[in-house]
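coords.pdb (PDB, C-alpha atoms and all ligand atoms)
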ATOM      1  CA  MET R   1     -12.163   3.964  27.314
ATOM      2  CA  ARG R   2     -10.904   3.638  23.768
ATOM      3  CA  LYS R   3      -9.232   6.783  22.491
ATOM      4  CA  PRO R   4     -10.557   7.476  18.989
ATOM      5  CA  VAL R   5      -8.155   7.637  16.058
ATOM      6  CA  ILE R   6      -8.653   9.873  13.032
ATOM      7  CA  ALA R   7      -6.163   8.885  10.361
ATOM      8  CA  GLY R   8      -5.603  10.364   6.913
ATOM      9  CA  ASN R   9      -4.305   8.090   4.183
ATOM     10  CA  TRP R  10      -2.848  10.348   1.514
ATOM     11  CA  LYS R  11      -2.392   7.442  -0.918
ATOM     12  CA  MET R  12      -0.273   8.365  -3.968
ATOM     13  CA  TYR R  13      -0.890  12.099  -3.716
ATOM     14  CA  LYS R  14       1.318  15.139  -3.044
ATOM     15  CA  LEU R  15       4.899  16.047  -3.819
ATOM     16  CA  VAL R  16       7.157  16.869  -0.884
ATOM     17  CA  ALA R  17       6.428  20.612  -0.911
ATOM     18  CA  ASP R  18       2.641  20.013  -1.013
ATOM     19  CA  SER R  19       2.901  17.451   1.762
ATOM     20  CA  VAL R  20       4.805  19.840   4.005
ATOM     21  CA  ALA R  21       2.416  22.699   3.245
ATOM     22  CA  MET R  22      -0.575  20.523   4.085
ATOM     23  CA  ALA R  23       1.023  19.284   7.309
ATOM     24  CA  LEU R  24       1.923  22.805   8.437
ATOM     25  CA  ASN R  25      -1.598  24.044   7.659
ATOM     26  CA  LEU R  26      -3.094  21.149   9.580
ATOM     27  CA  ARG R  27      -0.916  21.505  12.656
ATOM     28  CA  PRO R  28      -2.612  24.518  14.303
ATOM     29  CA  LEU R  29      -6.083  23.370  13.247
ATOM     30  CA  VAL R  30      -5.828  20.173  15.284
ATOM     31  CA  ALA R  31      -3.530  21.389  18.062
ATOM     32  CA  ASN R  32      -6.348  21.269  20.630
ATOM     33  CA  ALA R  33      -7.664  17.875  19.619
ATOM     34  CA  ASN R  34      -6.972  15.920  22.789
ATOM     35  CA  HIS R  35     -10.015  13.698  22.372
ATOM     36  CA  CYS R  36      -8.411  11.605  19.658
ATOM     37  CA  GLU R  37      -5.152  10.517  18.092
ATOM     38  CA  VAL R  38      -4.406  12.278  14.823
ATOM     39  CA  ILE R  39      -2.414  10.370  12.214
ATOM     40  CA  ILE R  40      -1.422  11.192   8.650
ATOM     41  CA  ALA R  41       0.142   8.826   6.142
ATOM     42  CA  PRO R  42       2.126  10.688   3.461
ATOM     43  CA  VAL R  43       3.904   8.981   0.571
ATOM     44  CA  PHE R  44       7.286   7.449   1.433
ATOM     45  CA  THR R  45       9.246  10.216  -0.279
ATOM     46  CA  ALA R  46       7.672  12.911   1.891
ATOM     47  CA  LEU R  47       7.438  10.978   5.139
ATOM     48  CA  LYS R  48      10.693  12.049   6.788
ATOM     49  CA  THR R  49      10.393  15.700   5.839
ATOM     50  CA  VAL R  50       6.801  15.846   7.090
ATOM     51  CA  ALA R  51       7.714  14.010  10.293
ATOM     52  CA  ASP R  52      10.570  16.436  10.962
ATOM     53  CA  ARG R  53       8.340  19.450  10.380
ATOM     54  CA  LEU R  54       5.678  18.070  12.726
ATOM     55  CA  GLU R  55       8.030  17.314  15.575
ATOM     56  CA  GLY R  56       6.537  18.385  18.884
ATOM     57  CA  SER R  57       2.991  18.392  17.482
ATOM     58  CA  ASN R  58       0.152  16.004  18.289
ATOM     59  CA  ILE R  59       0.110  14.644  14.727
ATOM     60  CA  LYS R  60       1.557  11.173  14.307
ATOM     61  CA  ILE R  61       2.931   9.733  11.107
ATOM     62  CA  ALA R  62       2.101   6.450   9.432
ATOM     63  CA  GLY R  63       3.623   4.636   6.505
ATOM     64  CA  GLN R  64       1.105   3.436   3.910
ATOM     65  CA  ASP R  65       2.736   0.020   3.627
ATOM     66  CA  CYS R  66       5.882  -1.813   4.669
ATOM     67  CA  SER R  67       7.926  -4.755   3.496
ATOM     68  CA  VAL R  68       7.338  -8.267   4.767
ATOM     69  CA  GLU R  69      11.113  -8.487   5.118
ATOM     70  CA  THR R  70      12.654  -7.483   8.411
ATOM     71  CA  GLN R  71      16.291  -8.004   7.429
ATOM     72  CA  HIS R  72      17.756  -5.283   5.252
ATOM     73  CA  GLY R  73      18.809  -6.815   1.979
ATOM     74  CA  ALA R  74      18.362  -7.164  -1.742
ATOM     75  CA  HIS R  75      14.648  -6.319  -2.046
ATOM     76  CA  THR R  76      14.442  -3.644  -4.707
ATOM     77  CA  GLY R  77      11.650  -1.168  -4.132
ATOM     78  CA  GLU R  78      10.795  -2.340  -0.635
ATOM     79  CA  VAL R  79      10.846  -0.252   2.540
ATOM     80  CA  ALA R  80      11.398  -2.087   5.822
ATOM     81  CA  ALA R  81       9.272  -1.295   8.852
ATOM     82  CA  ASP R  82      12.274  -0.163  10.887
ATOM     83  CA  MET R  83      13.147   2.266   8.074
ATOM     84  CA  LEU R  84       9.712   3.831   8.490
ATOM     85  CA  ARG R  85      10.294   4.065  12.219
ATOM     86  CA  ASP R  86      13.699   5.618  11.540
ATOM     87  CA  ALA R  87      12.062   8.196   9.252
ATOM     88  CA  GLY R  88       9.625   9.245  11.984
ATOM     89  CA  ALA R  89       6.612   6.957  11.649
ATOM     90  CA  SER R  90       4.846   5.454  14.644
ATOM     91  CA  HIS R  91       2.166   3.597  12.658
ATOM     92  CA  VAL R  92       1.853   1.753   9.367
ATOM     93  CA  ILE R  93      -1.182   0.803   7.291
ATOM     94  CA  VAL R  94      -1.071  -2.849   6.216
ATOM     95  CA  GLY R  95      -3.400  -4.796   3.950
ATOM     96  CA  HIS R  96      -5.141  -1.796   2.439
ATOM     97  CA  SER R  97      -7.673  -3.012  -0.122
ATOM     98  CA  GLU R  98      -5.806  -1.210  -2.905
ATOM     99  CA  ARG R  99      -2.751  -3.322  -2.110
ATOM    100  CA  ARG R 100      -4.853  -6.464  -1.939
ATOM    101  CA  GLN R 101      -6.695  -5.683  -5.203
ATOM    102  CA  PHE R 102      -3.980  -4.165  -7.369
ATOM    103  CA  TYR R 103      -0.788  -5.677  -5.926
ATOM    104  CA  PHE R 104      -2.174  -9.105  -5.125
ATOM    105  CA  GLU R 105      -1.448  -9.056  -1.408
ATOM    106  CA  THR R 106      -2.772 -12.093   0.382
ATOM    107  CA  ASP R 107      -3.707 -12.525   4.024
ATOM    108  CA  THR R 108      -0.358 -14.282   4.485
ATOM    109  CA  PHE R 109       1.417 -11.192   3.225
ATOM    110  CA  VAL R 110      -0.683  -8.945   5.425
ATOM    111  CA  ASN R 111       0.157 -11.181   8.364
ATOM    112  CA  ARG R 112       3.890 -10.959   7.682
ATOM    113  CA  LYS R 113       3.672  -7.186   7.333
ATOM    114  CA  THR R 114       1.764  -6.933  10.600
ATOM    115  CA  GLN R 115       4.477  -8.955  12.318
ATOM    116  CA  ALA R 116       7.226  -6.900  10.666
ATOM    117  CA  ALA R 117       5.570  -3.696  11.861
ATOM    118  CA  LEU R 118       5.266  -4.973  15.417
ATOM    119  CA  ALA R 119       8.897  -6.102  15.409
ATOM    120  CA  ALA R 120       9.895  -2.560  14.461
ATOM    121  CA  ASN R 121       7.768  -1.085  17.217
ATOM    122  CA  LEU R 122       5.240   0.381  14.821
ATOM    123  CA  THR R 123       1.502   0.149  15.404
ATOM    124  CA  PRO R 124      -0.025  -1.694  12.443
ATOM    125  CA  ILE R 125      -3.378  -0.483  11.160
ATOM    126  CA  VAL R 126      -4.646  -3.737   9.681
ATOM    127  CA  CYS R 127      -7.264  -3.193   6.966
ATOM    128  CA  VAL R 128     -10.107  -5.561   6.161
ATOM    129  CA  GLY R 129     -13.248  -5.199   4.070
ATOM    130  CA  GLU R 130     -15.451  -6.906   1.509
ATOM    131  CA  THR R 131     -16.217  -6.103  -2.129
ATOM    132  CA  LEU R 132     -19.689  -5.156  -3.322
ATOM    133  CA  ALA R 133     -20.115  -8.585  -4.906
ATOM    134  CA  GLN R 134     -19.235 -10.262  -1.612
ATOM    135  CA  ARG R 135     -21.728  -8.065   0.256
ATOM    136  CA  GLU R 136     -24.436  -8.689  -2.307
ATOM    137  CA  ALA R 137     -23.759 -12.416  -2.149
ATOM    138  CA  GLY R 138     -24.689 -12.112   1.513
ATOM    139  CA  HIS R 139     -21.453 -13.143   3.180
ATOM    140  CA  PRO R 140     -19.434 -10.026   4.033
ATOM    141  CA  GLU R 141     -18.822 -11.365   7.552
ATOM    142  CA  SER R 142     -17.130 -14.541   6.360
ATOM    143  CA  VAL R 143     -14.819 -12.468   4.137
ATOM    144  CA  VAL R 144     -13.884 -10.172   6.985
ATOM    145  CA  ARG R 145     -13.472 -13.107   9.371
ATOM    146  CA  GLY R 146     -11.055 -14.761   6.935
ATOM    147  CA  GLN R 147      -9.028 -11.566   6.534
ATOM    148  CA  LEU R 148      -8.872 -11.035  10.280
ATOM    149  CA  GLU R 149      -7.955 -14.603  11.144
ATOM    150  CA  GLY R 150      -5.378 -14.705   8.365
ATOM    151  CA  GLY R 151      -3.962 -11.278   9.110
ATOM    152  CA  LEU R 152      -3.594 -11.873  12.826
ATOM    153  CA  ARG R 153      -2.356 -15.475  12.687
ATOM    154  CA  GLY R 154       0.454 -16.221  15.106
ATOM    155  CA  LEU R 155       0.268 -12.908  16.937
ATOM    156  CA  THR R 156       0.957 -13.160  20.660
ATOM    157  CA  ALA R 157      -1.342 -11.784  23.333
ATOM    158  CA  SER R 158       0.870  -8.743  23.758
ATOM    159  CA  ASP R 159       0.939  -8.203  19.975
ATOM    160  CA  LEU R 160      -2.849  -8.121  19.965
ATOM    161  CA  ASP R 161      -2.737  -5.214  22.417
ATOM    162  CA  ARG R 162      -0.736  -3.210  19.925
ATOM    163  CA  ILE R 163      -2.768  -3.313  16.751
ATOM    164  CA  ILE R 164      -5.534  -1.206  15.258
ATOM    165  CA  VAL R 165      -8.061  -2.657  12.811
ATOM    166  CA  ALA R 166      -9.648  -0.647  10.004
ATOM    167  CA  TYR R 167     -12.861  -1.835   8.378
ATOM    168  CA  GLU R 168     -12.953  -0.452   4.860
ATOM    169  CA  PRO R 169     -15.708  -1.903   2.686
ATOM    170  CA  ILE R 170     -14.263  -1.744  -0.822
ATOM    171  CA  TRP R 171     -17.557  -0.569  -2.314
ATOM    172  CA  ALA R 172     -17.355   2.544  -0.125
ATOM    173  CA  ILE R 173     -13.784   3.570  -0.942
ATOM    174  CA  GLY R 174     -13.554   6.618  -3.174
ATOM    175  CA  THR R 175     -17.102   6.038  -4.411
ATOM    176  CA  GLY R 176     -19.025   8.519  -2.298
ATOM    177  CA  LEU R 177     -21.043   5.533  -1.048
ATOM    178  CA  THR R 178     -20.535   5.404   2.700
ATOM    179  CA  ALA R 179     -21.649   2.468   4.774
ATOM    180  CA  THR R 180     -24.567   3.605   6.894
ATOM    181  CA  PRO R 181     -23.734   4.031  10.573
ATOM    182  CA  GLU R 182     -25.774   0.875  11.204
ATOM    183  CA  GLN R 183     -23.861  -1.159   8.595
ATOM    184  CA  ALA R 184     -20.562   0.049  10.045
ATOM    185  CA  GLN R 185     -21.663  -0.699  13.597
ATOM    186  CA  GLU R 186     -22.811  -4.190  12.670
ATOM    187  CA  MET R 187     -19.476  -5.102  11.084
ATOM    188  CA  HIS R 188     -17.405  -3.425  13.813
ATOM    189  CA  ALA R 189     -19.261  -5.373  16.502
ATOM    190  CA  PHE R 190     -18.638  -8.537  14.481
ATOM    191  CA  ILE R 191     -14.919  -7.729  14.205
ATOM    192  CA  ARG R 192     -14.730  -7.236  17.966
ATOM    193  CA  ARG R 193     -16.413 -10.616  18.512
ATOM    194  CA  VAL R 194     -14.001 -12.367  16.144
ATOM    195  CA  PHE R 195     -11.079 -10.645  17.851
ATOM    196  CA  ALA R 196     -12.394 -11.840  21.223
ATOM    197  CA  GLU R 197     -12.070 -15.434  20.012
ATOM    198  CA  ARG R 198      -8.326 -14.828  19.762
ATOM    199  CA  ALA R 199      -7.802 -12.407  22.637
ATOM    200  CA  SER R 200      -9.223 -11.810  26.081
ATOM    201  CA  ASN R 201     -12.492  -9.949  26.459
ATOM    202  CA  GLY R 202     -10.517  -7.086  27.957
ATOM    203  CA  GLN R 203      -8.287  -6.924  24.907
ATOM    204  CA  ALA R 204     -11.262  -7.069  22.559
ATOM    205  CA  GLY R 205     -12.877  -4.270  24.541
ATOM    206  CA  ALA R 206      -9.750  -2.169  24.130
ATOM    207  CA  LEU R 207      -9.271  -2.790  20.373
ATOM    208  CA  ARG R 208      -9.703   0.330  18.267
ATOM    209  CA  ILE R 209     -11.669  -0.353  15.069
ATOM    210  CA  LEU R 210     -11.641   2.438  12.486
ATOM    211  CA  TYR R 211     -14.139   2.832   9.683
ATOM    212  CA  GLY R 212     -12.948   3.856   6.213
ATOM    213  CA  GLY R 213     -14.800   4.550   2.988
ATOM    214  CA  SER R 214     -15.998   7.985   1.871
ATOM    215  CA  VAL R 215     -15.828   9.493   5.358
ATOM    216  CA  LYS R 216     -16.656  13.198   5.022
ATOM    217  CA  PRO R 217     -17.422  16.067   7.399
ATOM    218  CA  ASP R 218     -21.156  15.542   6.893
ATOM    219  CA  ASN R 219     -21.200  11.846   7.787
ATOM    220  CA  ILE R 220     -18.483  11.416  10.405
ATOM    221  CA  ALA R 221     -20.591  12.366  13.423
ATOM    222  CA  GLY R 222     -23.173   9.653  12.709
ATOM    223  CA  LEU R 223     -20.438   7.063  12.307
ATOM    224  CA  MET R 224     -18.580   8.114  15.450
ATOM    225  CA  LYS R 225     -21.776   7.855  17.513
ATOM    226  CA  GLN R 226     -21.790   4.093  16.984
ATOM    227  CA  PRO R 227     -20.520   2.236  20.037
ATOM    228  CA  ASP R 228     -17.990   0.099  18.136
ATOM    229  CA  VAL R 229     -16.722   2.762  15.721
ATOM    230  CA  ASP R 230     -13.528   4.086  17.264
ATOM    231  CA  GLY R 231     -12.323   6.342  14.525
ATOM    232  CA  ALA R 232     -11.894   6.826  10.818
ATOM    233  CA  LEU R 233      -9.352   6.041   8.133
ATOM    234  CA  VAL R 234      -9.904   8.746   5.565
ATOM    235  CA  GLY R 235      -8.696   8.981   1.978
ATOM    236  CA  GLY R 236     -10.014  11.802  -0.224
ATOM    237  CA  ALA R 237     -11.209  14.059   2.587
ATOM    238  CA  SER R 238      -7.811  13.886   4.310
ATOM    239  CA  LEU R 239      -5.979  15.674   1.501
ATOM    240  CA  GLU R 240      -6.986  19.174   2.428
ATOM    241  CA  ALA R 241      -6.149  20.662   5.847
ATOM    242  CA  GLU R 242      -9.456  22.383   6.658
ATOM    243  CA  THR R 243     -11.532  19.363   5.687
ATOM    244  CA  PHE R 244      -9.359  16.895   7.560
ATOM    245  CA  ALA R 245      -9.362  19.200  10.594
ATOM    246  CA  GLN R 246     -13.167  19.164  10.517
ATOM    247  CA  LEU R 247     -13.010  15.369  10.632
ATOM    248  CA  VAL R 248     -10.557  15.411  13.530
ATOM    249  CA  ASN R 249     -12.809  17.881  15.321
ATOM    250  CA  TYR R 250     -15.951  15.835  14.637
ATOM    251  CA  ASN R 251     -17.057  16.364  18.214
ATOM    252  CA  ARG R 252     -17.284  20.158  18.002
TER
HETATM  253  P1  LIG S 301     -11.901   7.486   0.711
HETATM  254  O1  LIG S 301     -12.081   8.219   2.024
HETATM  255  O2  LIG S 301     -11.367   8.359  -0.375
HETATM  256  O3  LIG S 301     -13.123   6.728   0.343
HETATM  257  O4  LIG S 301     -10.742   6.388   0.974
HETATM  258  C1  LIG S 301     -10.821   5.538   2.060
HETATM  259  C2  LIG S 301      -9.547   4.814   2.201
HETATM  260  O5  LIG S 301      -9.215   3.969   1.383
HETATM  261  C3  LIG S 301      -8.685   5.151   3.337
HETATM  262  O6  LIG S 301      -7.658   4.243   3.486
END

Take the structure from the file and write it as structure tokens.
Ligand code: 13P
Amino acid sequence: MRKPVIAGNWKMYKLVADSVAMALNLRPLVANANHCEVIIAPVFTALKTVADRLEGSNIKIAGQDCSVETQHGAHTGEVAADMLRDAGASHVIVGHSERRQFYFETDTFVNRKTQAALAANLTPIVCVGETLAQREAGHPESVVRGQLEGGLRGLTASDLDRIIVAYEPIWAIGTGLTATPEQAQEMHAFIRRVFAERASNGQAGALRILYGGSVKPDNIAGLMKQPDVDGALVGGASLEAETFAQLVNYNR
């Protein structure tokens, strides 16, 4: 049985005080959510304070990105994976489409970040997903295959046990256009098949694949009913405690 994951990516939103307030509001609303893992990803500047305030809760913390570098050194502006771990994170998002699109991250970069995260004992949430043009050109699978193969290159069998994949079609992010449950299911099943080429069938069966892109309280149930949708990576609807709690409690 794959334990679902509901993760909130706060992107570049919230000052420290707002982040703490949101986290403290969320805490009691999801305290009984044993059916899934609950993760939030605040901005770097708020991460440690939020993690400290959530100690003892069932809410885990993710970084939104990490450096490819594992050795501390002269890398201005970078945050190493072990620094995230030190600040209280257990997970880190890597290869988000906004980083690929706006900060020119390649699959090689995403691969190095995935390896850096694993080396620091963080669970990487590796993001993949096609643009609208790529979908309309009829080859979203080949795009996602390339991102997966590139992102996971060189990972050992035990590494593959420790990652989460998020499918986030770029045309669905922040647009209000959600993939239909059927579109999500089709791509998630494809991702599991591609993963199985690299890993054992058992490992592929255990891989959690999250869907991201305009997930809202009124569409999450349909997505979560799909056999290969194991959770959600949520942007906009994760910024407010009651709404995110409704997503976490999608099964109620
Ligand atoms: P939205 O839920 O705002 O579409 O964002 C999705 C996302 O990018 C999560 O990482």

Please build the interface table for chain R against ligand LIG 301 (chain S) with a cut-off of 6 Å, listing for each qualifying residue the nearest atom pair and the distance in Å to one decimal; count all atoms listed in the file, order rows by chain and increasing number, and write it as a Markdown table.
| residue | atom | partner | partner_atom | distance |
| --- | --- | --- | --- | --- |
| R:Asn9 | CA | S:LIG301 | O6 | 5.2 |
| R:Ala172 | CA | S:LIG301 | O3 | 6.0 |
| R:Ile173 | CA | S:LIG301 | O3 | 3.5 |
| R:Gly174 | CA | S:LIG301 | O3 | 3.5 |
| R:Gly212 | CA | S:LIG301 | C1 | 5.0 |
| R:Gly213 | CA | S:LIG301 | O3 | 3.8 |
| R:Ser214 | CA | S:LIG301 | O3 | 3.5 |
| R:Val215 | CA | S:LIG301 | O1 | 5.2 |
| R:Leu233 | CA | S:LIG301 | C3 | 4.9 |
| R:Val234 | CA | S:LIG301 | O1 | 4.2 |
| R:Gly235 | CA | S:LIG301 | O4 | 3.5 |
| R:Gly236 | CA | S:LIG301 | O2 | 3.7 |
| R:Ala237 | CA | S:LIG301 | O1 | 5.9 |

### Query
Which protein, DNA or RNA residues have an atom at most 7 Å from (-14.7, 10.4, 16.7), counting all atoms listed in the file? List them as a list in words.
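Residues lying no farther than 7 Å from the given point: Pro4, Met224, Asp230, Gly231, Tyr250 and Asn251 of chain R.
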
### Message
If I take atom CA of Leu152 of chain R and atom CA of Arg192 of chain R, how far is one from the other in Å, to one decimal?
### Response
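Going from atom CA of Leu152 of chain R over to atom CA of Arg192 of chain R covers 13.1 Å.
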
### Task
Identify the residues around (-2.2, -5.8, 1.5) within a radius of 12 Å, measuring from all atoms listed in the file in the coordinates stated by the file, and give them as JSON, numbers by chain.
{"R": [64, 65, 66, 67, 68, 92, 93, 94, 95, 96, 97, 98, 99, 100, 101, 102, 103, 104, 105, 106, 107, 108, 109, 110, 111, 112, 113, 114, 124, 125, 126, 127, 128, 129, 147, 150, 151]}

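Comparing R:Ser90, R:Ala74, R:Pro140, R:Ala157 by their smallest distance to Ile40 of chain R, the closest is R:Ser90 (using only C-alpha atoms).
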
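Atom CA of Asp161 of chain R to atom CA of Arg198 of chain R spans 11.4 Å [interatomic distance, one decimal].
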
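Between Ala7 of chain R and the candidates R:Ala87, R:Val30, R:Leu210, R:Ile170, the tightest atom-to-atom separation, counting only C-alpha atoms, involves R:Leu210.
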